[in-house]
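Enquirer: Input: one structure, supplied below.
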Amino acid sequence: MSTLAGGGATDARTAKVIQLYTSPSGPDARGVRESDRRRHPSQQVGHDRSKTAAPQRGSMLGHPNTDGFGRAPARVTPISDEITLPDEALGVEHRGPSKSSPLFSLGGLRGAVADTLTSTAGFIRERMAGEYEVDEFGFDPHFTESVWFPAVRQVYEKWFRVEVTGIENLPREGGALLVANHAGTIPVDAVITSLAVRDNHPEGRFLRVLAADMAFDTPGISEVARRIGATLACNSDADRLLRAGELTAVWPEGYKGIGKLYKDRYKLQRFGRGGFVTTALRNAAPIIPVSIVGSEEIYPMLADLKPLAKILGLPYFPVTPLFPWLGPLGMVPLPSKWHIHFGRPIETGSYDEASADDPMVVFDLTDHVREEIQQTLFRMLSRRGSVYFG
């Protein structure tokens, strides 16, 4: 996606959607939109979920999922002189120096390999003692912590330079359903988000991922997926995880999200039939919107060879700037800078038991969650630095 720098937007379409999705000050900008549709109680005027006083009339209202990031917002050039977009509406961005990619250096690569080998050797020694547990889903915390995460952490820290905000919105204990945007041609975002939770949560919690059928139908991948905490994306497994008090994550766009073309980057696809909302309502579990920036650029998908995909039994066959032209080298992801933001929880405890079977309630909550993620993405993109060198 064309980046927005301090001098103005370089992508007219991007400026337009940002203008449409940001929240300007004053009640008039919200009135028409909220008066004609039923909203979740946490979004209604006067709701005291956050225990903070409501903004005074005329004060500048930011977006609850993106206020307080830290860096001054980029200036955005309107599509025409008739459209204005006040800088204050964007809030502020996160602070901190830009991170380079140490894996580009020989020393960084050598260190990454050494750390991974050391962790693996320790795992083998402990494994031989037989002191480890595997739960009913096949999740192996010992393998995940000792082998999987150390290997992924090298890419997480030194290739994608992942930045995480909003981790305080995840509960210290008990179940919650994390709902995120999906992208990247290959579902790397699920792996990176799992490590982001483990490394940044104050209690070091594990994230249990609800994955598509293909992950468990593919030899080799199936066993690893189970070991690292993934399970089938179905209502029964999701119910059991939430009842057990697990942090559970779902990417409701599915293949439509990770298989979309690069020209449609950061445009959320349909969120299915809202099955994740039904699950959250039945378990009175909070829904936490998760917005991920950076995943769209690791494998920019320029085309989809549908006939070839049908022959191979795949949902899509991607053509990227490097694949299939460079063969196996084309599978190396580009080093985009990632930012993962965990939004404020959307509580579901105020709904009665019948709400899970009410199509209107399910549709409204599904639309609300999708809208929260989409708005947050556009606001994050408006203040983004360089895609690959930020």
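Ligands are numbered from 1 in the order shown, chains are lettered A, B, ... in the order of the structure tokens, and residues start at 1 in each chain.
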Please identify the strand (DSSP E) residues within range 149-319 of chain A (assignment by DSSP from backbone atoms) and present them as a ChimeraX atom specification.
Expert: /A:163-165,176-180,207-211,231-232,247-250,287-293,303-304,318-319
Enquirer: Quick one: write out the picked residues with N, CA, C and O atoms as a tab-separated table (two decimals), in the first residue's frame?
Expert:
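Final file, selection11.tsv:
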chain	number	residue	atom	x	y	z
A	163	GLU	N	5.96	-4.73	16.25
A	163	GLU	CA	5.64	-3.81	17.34
A	163	GLU	C	4.23	-4.13	17.81
A	163	GLU	O	3.32	-4.34	17.00
A	164	VAL	N	4.03	-4.18	19.13
A	164	VAL	CA	2.76	-4.58	19.71
A	164	VAL	C	2.23	-3.46	20.61
A	164	VAL	O	2.97	-2.92	21.43
A	165	THR	N	0.96	-3.12	20.43
A	165	THR	CA	0.30	-2.16	21.32
A	165	THR	C	-1.04	-2.74	21.76
A	165	THR	O	-1.60	-3.62	21.11
A	176	ALA	N	-11.19	-15.44	26.32
A	176	ALA	CA	-11.53	-14.30	25.48
A	176	ALA	C	-11.35	-14.74	24.04
A	176	ALA	O	-10.52	-15.61	23.73
A	177	LEU	N	-12.14	-14.14	23.15
A	177	LEU	CA	-12.06	-14.49	21.73
A	177	LEU	C	-11.43	-13.33	20.97
A	177	LEU	O	-11.99	-12.25	20.88
A	178	LEU	N	-10.24	-13.56	20.42
A	178	LEU	CA	-9.54	-12.56	19.63
A	178	LEU	C	-9.94	-12.73	18.17
A	178	LEU	O	-9.90	-13.85	17.63
A	179	VAL	N	-10.32	-11.63	17.52
A	179	VAL	CA	-10.76	-11.66	16.13
A	179	VAL	C	-9.86	-10.72	15.33
A	179	VAL	O	-9.78	-9.53	15.65
A	180	ALA	N	-9.20	-11.24	14.30
A	180	ALA	CA	-8.19	-10.45	13.58
A	180	ALA	C	-8.44	-10.46	12.08
A	180	ALA	O	-9.09	-11.34	11.54
A	207	LEU	N	-1.71	-18.43	23.14
A	207	LEU	CA	-2.87	-18.15	22.29
A	207	LEU	C	-3.25	-19.42	21.55
A	207	LEU	O	-2.41	-20.05	20.91
A	208	ARG	N	-4.50	-19.82	21.64
A	208	ARG	CA	-4.98	-21.02	20.96
A	208	ARG	C	-5.67	-20.59	19.66
A	208	ARG	O	-6.65	-19.85	19.68
A	209	VAL	N	-5.15	-21.06	18.56
A	209	VAL	CA	-5.58	-20.63	17.23
A	209	VAL	C	-6.61	-21.58	16.64
A	209	VAL	O	-6.44	-22.81	16.69
A	210	LEU	N	-7.69	-21.02	16.08
A	210	LEU	CA	-8.68	-21.81	15.35
A	210	LEU	C	-8.29	-21.76	13.88
A	210	LEU	O	-8.33	-20.70	13.25
A	211	ALA	N	-7.89	-22.91	13.33
A	211	ALA	CA	-7.34	-22.98	11.98
A	211	ALA	C	-8.29	-23.67	11.01
A	211	ALA	O	-9.19	-24.41	11.41
A	231	THR	N	-6.26	-25.68	16.63
A	231	THR	CA	-7.30	-26.70	16.53
A	231	THR	C	-8.29	-26.29	15.46
A	231	THR	O	-8.22	-25.17	14.94
A	232	LEU	N	-9.20	-27.18	15.13
A	232	LEU	CA	-10.11	-26.94	14.02
A	232	LEU	C	-11.05	-25.77	14.32
A	232	LEU	O	-11.59	-25.64	15.42
A	247	LEU	N	-7.24	-18.11	25.91
A	247	LEU	CA	-7.27	-17.04	24.90
A	247	LEU	C	-7.35	-17.73	23.55
A	247	LEU	O	-6.45	-18.48	23.17
A	248	THR	N	-8.43	-17.48	22.83
A	248	THR	CA	-8.70	-18.18	21.58
A	248	THR	C	-8.77	-17.16	20.44
A	248	THR	O	-9.36	-16.09	20.61
A	249	ALA	N	-8.17	-17.48	19.31
A	249	ALA	CA	-8.11	-16.52	18.19
A	249	ALA	C	-8.73	-17.10	16.94
A	249	ALA	O	-8.58	-18.29	16.64
A	250	VAL	N	-9.41	-16.24	16.19
A	250	VAL	CA	-10.03	-16.65	14.94
A	250	VAL	C	-9.80	-15.57	13.90
A	250	VAL	O	-9.74	-14.38	14.21
A	287	ILE	N	-15.04	-10.18	23.20
A	287	ILE	CA	-14.46	-10.23	21.86
A	287	ILE	C	-13.43	-9.11	21.76
A	287	ILE	O	-13.75	-7.95	22.03
A	288	ILE	N	-12.21	-9.45	21.38
A	288	ILE	CA	-11.13	-8.47	21.30
A	288	ILE	C	-10.72	-8.29	19.84
A	288	ILE	O	-10.18	-9.21	19.23
A	289	PRO	N	-11.01	-7.13	19.22
A	289	PRO	CA	-10.60	-6.89	17.84
A	289	PRO	C	-9.08	-6.76	17.76
A	289	PRO	O	-8.46	-6.07	18.58
A	290	VAL	N	-8.48	-7.42	16.78
A	290	VAL	CA	-7.03	-7.37	16.59
A	290	VAL	C	-6.76	-6.86	15.18
A	290	VAL	O	-7.27	-7.41	14.20
A	291	SER	N	-5.96	-5.81	15.08
A	291	SER	CA	-5.64	-5.20	13.79
A	291	SER	C	-4.16	-5.41	13.49
A	291	SER	O	-3.30	-5.05	14.31
A	292	ILE	N	-3.86	-6.00	12.34
A	292	ILE	CA	-2.49	-6.35	11.98
A	292	ILE	C	-2.09	-5.61	10.71
A	292	ILE	O	-2.70	-5.78	9.65
A	293	VAL	N	-1.05	-4.80	10.80
A	293	VAL	CA	-0.50	-4.09	9.65
A	293	VAL	C	0.89	-4.66	9.37
A	293	VAL	O	1.70	-4.82	10.28
A	303	ALA	N	-1.64	-11.85	-8.88
A	303	ALA	CA	-2.63	-12.59	-9.67
A	303	ALA	C	-2.91	-13.93	-9.02
A	303	ALA	O	-2.13	-14.42	-8.20
A	304	ASP	N	-4.03	-14.52	-9.42
A	304	ASP	CA	-4.45	-15.83	-8.91
A	304	ASP	C	-4.72	-16.73	-10.11
A	304	ASP	O	-5.63	-16.46	-10.91
A	318	PRO	N	-1.09	-18.34	-5.95
A	318	PRO	CA	-0.63	-16.96	-6.03
A	318	PRO	C	0.50	-16.74	-7.03
A	318	PRO	O	1.34	-17.61	-7.25
A	319	VAL	N	0.49	-15.57	-7.61
A	319	VAL	CA	1.60	-15.07	-8.40
A	319	VAL	C	2.08	-13.80	-7.73
A	319	VAL	O	1.32	-12.82	-7.60
Enquirer: With only C-alpha atoms as the counted atoms, please give the residues lying no more than 8 Å from Gly257 in chain A, apart from itself and same-chain residues fewer than 2 positions off, as a PyMOL selection string.
Expert: chain A and resi 181-183+253-255+259-260+268-269
Enquirer: Taking the backbone alone, and naming residues the way the document does, which bits of range 122-344 of chain A are alpha helix (DSSP H) by DSSP, as a ChimeraX atom specification?
Expert: /A:122-129,141-143,149-158,188-200,213-217,221-227,235-243,255-258,275-283,306-312
Enquirer: Quick one: everything within 12 Å of Gly275 in chain A, counting only C-alpha atoms, minus sequence neighbours fewer than 6 positions away in the same chain. Send it as an MDAnalysis selection string.
Expert: chainID A and resid 177 179 233:236 238:239 250:253 281:282 356:359 361:363 365:366
Enquirer: Nearest to Gly166 in chain A: which of A:His341, A:Arg226, A:Arg240, A:Arg198 is it, counting only C-alpha atoms?
Expert: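 Closest to Gly166 in chain A, using only C-alpha atoms: A:His341.
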Enquirer: So which residues touch Ile228 in chain A within 8 Å, counting only C-alpha atoms, skipping near sequence neighbours fewer than 5 positions away, as a list of chain:residue names?
Expert: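 Result of the neighbour search: A:Phe139, A:Asp140, A:Pro141, A:Phe143, A:Thr144, A:Trp148.
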Enquirer: Keeping only all heavy atoms, write the selected residues as a PDB file, in the first residue's frame.
Expert:
ATOM      1  N   PHE A 139      -2.066 -30.008  22.151  1.00  0.00           N
ATOM      2  CA  PHE A 139      -1.167 -28.887  22.415  1.00  0.00           C
ATOM      3  C   PHE A 139      -0.031 -29.316  23.328  1.00  0.00           C
ATOM      4  O   PHE A 139      -0.238 -29.881  24.394  1.00  0.00           O
ATOM      5  CB  PHE A 139      -1.955 -27.740  23.044  1.00  0.00           C
ATOM      6  CG  PHE A 139      -1.112 -26.564  23.458  1.00  0.00           C
ATOM      7  CD1 PHE A 139      -0.133 -26.060  22.614  1.00  0.00           C
ATOM      8  CD2 PHE A 139      -1.298 -25.965  24.704  1.00  0.00           C
ATOM      9  CE1 PHE A 139       0.644 -24.977  22.992  1.00  0.00           C
ATOM     10  CE2 PHE A 139      -0.539 -24.881  25.097  1.00  0.00           C
ATOM     11  CZ  PHE A 139       0.441 -24.385  24.236  1.00  0.00           C
ATOM     12  N   ASP A 140       1.194 -29.033  22.879  1.00  0.00           N
ATOM     13  CA  ASP A 140       2.400 -29.430  23.589  1.00  0.00           C
ATOM     14  C   ASP A 140       3.161 -28.161  23.993  1.00  0.00           C
ATOM     15  O   ASP A 140       3.997 -27.657  23.235  1.00  0.00           O
ATOM     16  CB  ASP A 140       3.264 -30.304  22.672  1.00  0.00           C
ATOM     17  CG  ASP A 140       4.476 -30.891  23.376  1.00  0.00           C
ATOM     18  OD1 ASP A 140       4.850 -30.376  24.441  1.00  0.00           O
ATOM     19  OD2 ASP A 140       5.057 -31.855  22.839  1.00  0.00           O
ATOM     20  N   PRO A 141       2.899 -27.606  25.189  1.00  0.00           N
ATOM     21  CA  PRO A 141       3.574 -26.373  25.602  1.00  0.00           C
ATOM     22  C   PRO A 141       5.093 -26.489  25.626  1.00  0.00           C
ATOM     23  O   PRO A 141       5.799 -25.519  25.327  1.00  0.00           O
ATOM     24  CB  PRO A 141       3.013 -26.121  27.009  1.00  0.00           C
ATOM     25  CG  PRO A 141       1.727 -26.870  27.060  1.00  0.00           C
ATOM     26  CD  PRO A 141       1.943 -28.078  26.203  1.00  0.00           C
ATOM     27  N   PHE A 143       7.114 -28.336  23.668  1.00  0.00           N
ATOM     28  CA  PHE A 143       7.620 -28.220  22.304  1.00  0.00           C
ATOM     29  C   PHE A 143       7.479 -26.779  21.798  1.00  0.00           C
ATOM     30  O   PHE A 143       8.398 -26.232  21.182  1.00  0.00           O
ATOM     31  CB  PHE A 143       6.848 -29.171  21.383  1.00  0.00           C
ATOM     32  CG  PHE A 143       7.131 -28.972  19.919  1.00  0.00           C
ATOM     33  CD1 PHE A 143       8.237 -29.555  19.322  1.00  0.00           C
ATOM     34  CD2 PHE A 143       6.288 -28.193  19.128  1.00  0.00           C
ATOM     35  CE1 PHE A 143       8.498 -29.359  17.964  1.00  0.00           C
ATOM     36  CE2 PHE A 143       6.536 -28.002  17.782  1.00  0.00           C
ATOM     37  CZ  PHE A 143       7.656 -28.579  17.201  1.00  0.00           C
ATOM     38  N   THR A 144       6.321 -26.178  22.076  1.00  0.00           N
ATOM     39  CA  THR A 144       6.064 -24.822  21.597  1.00  0.00           C
ATOM     40  C   THR A 144       7.059 -23.833  22.173  1.00  0.00           C
ATOM     41  O   THR A 144       7.614 -22.989  21.448  1.00  0.00           O
ATOM     42  CB  THR A 144       4.626 -24.394  21.971  1.00  0.00           C
ATOM     43  OG1 THR A 144       3.706 -25.344  21.435  1.00  0.00           O
ATOM     44  CG2 THR A 144       4.307 -23.009  21.435  1.00  0.00           C
ATOM     45  N   TRP A 148       9.525 -24.365  18.903  1.00  0.00           N
ATOM     46  CA  TRP A 148       8.785 -23.569  17.915  1.00  0.00           C
ATOM     47  C   TRP A 148       9.005 -22.067  18.089  1.00  0.00           C
ATOM     48  O   TRP A 148       9.420 -21.375  17.162  1.00  0.00           O
ATOM     49  CB  TRP A 148       7.308 -23.920  17.983  1.00  0.00           C
ATOM     50  CG  TRP A 148       6.458 -23.156  17.014  1.00  0.00           C
ATOM     51  CD1 TRP A 148       5.606 -22.131  17.300  1.00  0.00           C
ATOM     52  CD2 TRP A 148       6.395 -23.346  15.598  1.00  0.00           C
ATOM     53  NE1 TRP A 148       5.012 -21.673  16.149  1.00  0.00           N
ATOM     54  CE2 TRP A 148       5.480 -22.401  15.089  1.00  0.00           C
ATOM     55  CE3 TRP A 148       7.022 -24.218  14.709  1.00  0.00           C
ATOM     56  CZ2 TRP A 148       5.176 -22.309  13.743  1.00  0.00           C
ATOM     57  CZ3 TRP A 148       6.719 -24.132  13.359  1.00  0.00           C
ATOM     58  CH2 TRP A 148       5.819 -23.189  12.894  1.00  0.00           C
TER      59      TRP A 148
END
Enquirer: Neighbours of Asp199 in chain A within 10 Å (only C-alpha atoms; same-chain residues fewer than 5 positions away dropped), as a list in words?
Expert: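 The residues that qualify are Phe149, Arg153, Val164, Thr193, Ser194, Gly204, Arg205 and Phe206 of chain A.
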Enquirer: Hey, can you spit out that residue selection with all heavy atoms as a CSV table (one decimal), in the first residue's frame?
Expert:
chain,number,residue,atom,x,y,z
A,149,PHE,N,8.7,-21.6,19.3
A,149,PHE,CA,8.9,-20.1,19.5
A,149,PHE,C,10.3,-19.6,19.3
A,149,PHE,O,10.5,-18.5,18.8
A,149,PHE,CB,8.3,-19.7,20.9
A,149,PHE,CG,6.8,-19.6,20.9
A,149,PHE,CD1,6.1,-19.6,22.1
A,149,PHE,CD2,6.1,-19.4,19.7
A,149,PHE,CE1,4.7,-19.5,22.1
A,149,PHE,CE2,4.7,-19.3,19.7
A,149,PHE,CZ,4.0,-19.3,20.9
A,153,ARG,N,10.8,-16.7,16.8
A,153,ARG,CA,11.2,-15.4,17.4
A,153,ARG,C,12.3,-14.7,16.6
A,153,ARG,O,12.4,-13.5,16.5
A,153,ARG,CB,11.7,-15.7,18.8
A,153,ARG,CG,11.8,-14.4,19.6
A,153,ARG,CD,12.0,-14.7,21.1
A,153,ARG,NE,10.8,-15.2,21.7
A,153,ARG,CZ,10.7,-16.4,22.3
A,153,ARG,NH1,11.7,-17.3,22.2
A,153,ARG,NH2,9.5,-16.7,22.9
A,164,VAL,N,4.0,-4.2,19.1
A,164,VAL,CA,2.8,-4.6,19.7
A,164,VAL,C,2.2,-3.5,20.6
A,164,VAL,O,3.0,-2.9,21.4
A,164,VAL,CB,2.9,-5.9,20.5
A,164,VAL,CG1,1.6,-6.2,21.2
A,164,VAL,CG2,3.4,-7.0,19.6
A,193,THR,N,1.1,-13.6,15.6
A,193,THR,CA,0.2,-13.1,16.6
A,193,THR,C,0.3,-14.0,17.9
A,193,THR,O,0.3,-13.5,19.0
A,193,THR,CB,-1.3,-13.1,16.1
A,193,THR,OG1,-1.4,-12.3,15.0
A,193,THR,CG2,-2.2,-12.5,17.2
A,194,SER,N,0.4,-15.3,17.7
A,194,SER,CA,0.6,-16.2,18.8
A,194,SER,C,1.9,-15.8,19.6
A,194,SER,O,1.8,-15.8,20.9
A,194,SER,CB,0.7,-17.6,18.4
A,194,SER,OG,-0.5,-18.1,17.7
A,204,GLY,N,2.4,-14.1,30.3
A,204,GLY,CA,2.9,-15.0,29.3
A,204,GLY,C,2.0,-16.0,28.8
A,204,GLY,O,2.3,-17.2,28.7
A,205,ARG,N,0.7,-15.6,28.6
A,205,ARG,CA,-0.3,-16.6,28.2
A,205,ARG,C,-0.1,-17.1,26.8
A,205,ARG,O,0.5,-16.5,25.9
A,205,ARG,CB,-1.7,-16.0,28.3
A,205,ARG,CG,-2.1,-15.5,29.7
A,205,ARG,CD,-3.5,-15.1,29.8
A,205,ARG,NE,-4.4,-16.3,29.6
A,205,ARG,CZ,-5.7,-16.2,29.6
A,205,ARG,NH1,-6.3,-15.1,29.9
A,205,ARG,NH2,-6.5,-17.3,29.5
A,206,PHE,N,-0.5,-18.4,26.5
A,206,PHE,CA,-0.5,-18.9,25.2
A,206,PHE,C,-1.8,-18.5,24.5
A,206,PHE,O,-2.9,-18.4,25.1
A,206,PHE,CB,-0.4,-20.5,25.2
A,206,PHE,CG,0.9,-21.0,25.6
A,206,PHE,CD1,1.2,-21.5,26.9
A,206,PHE,CD2,2.0,-21.0,24.7
A,206,PHE,CE1,2.4,-22.0,27.3
A,206,PHE,CE2,3.2,-21.4,25.1
A,206,PHE,CZ,3.4,-21.9,26.3
Enquirer: So the first atom is CA of Leu308 in chain A and the second is CA of Ala230 in chain A; what is the distance between them in Å, to one decimal place?
Expert: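 For CA of Leu308 in chain A relative to CA of Ala230 in chain A, the distance reads 28.6 Å.
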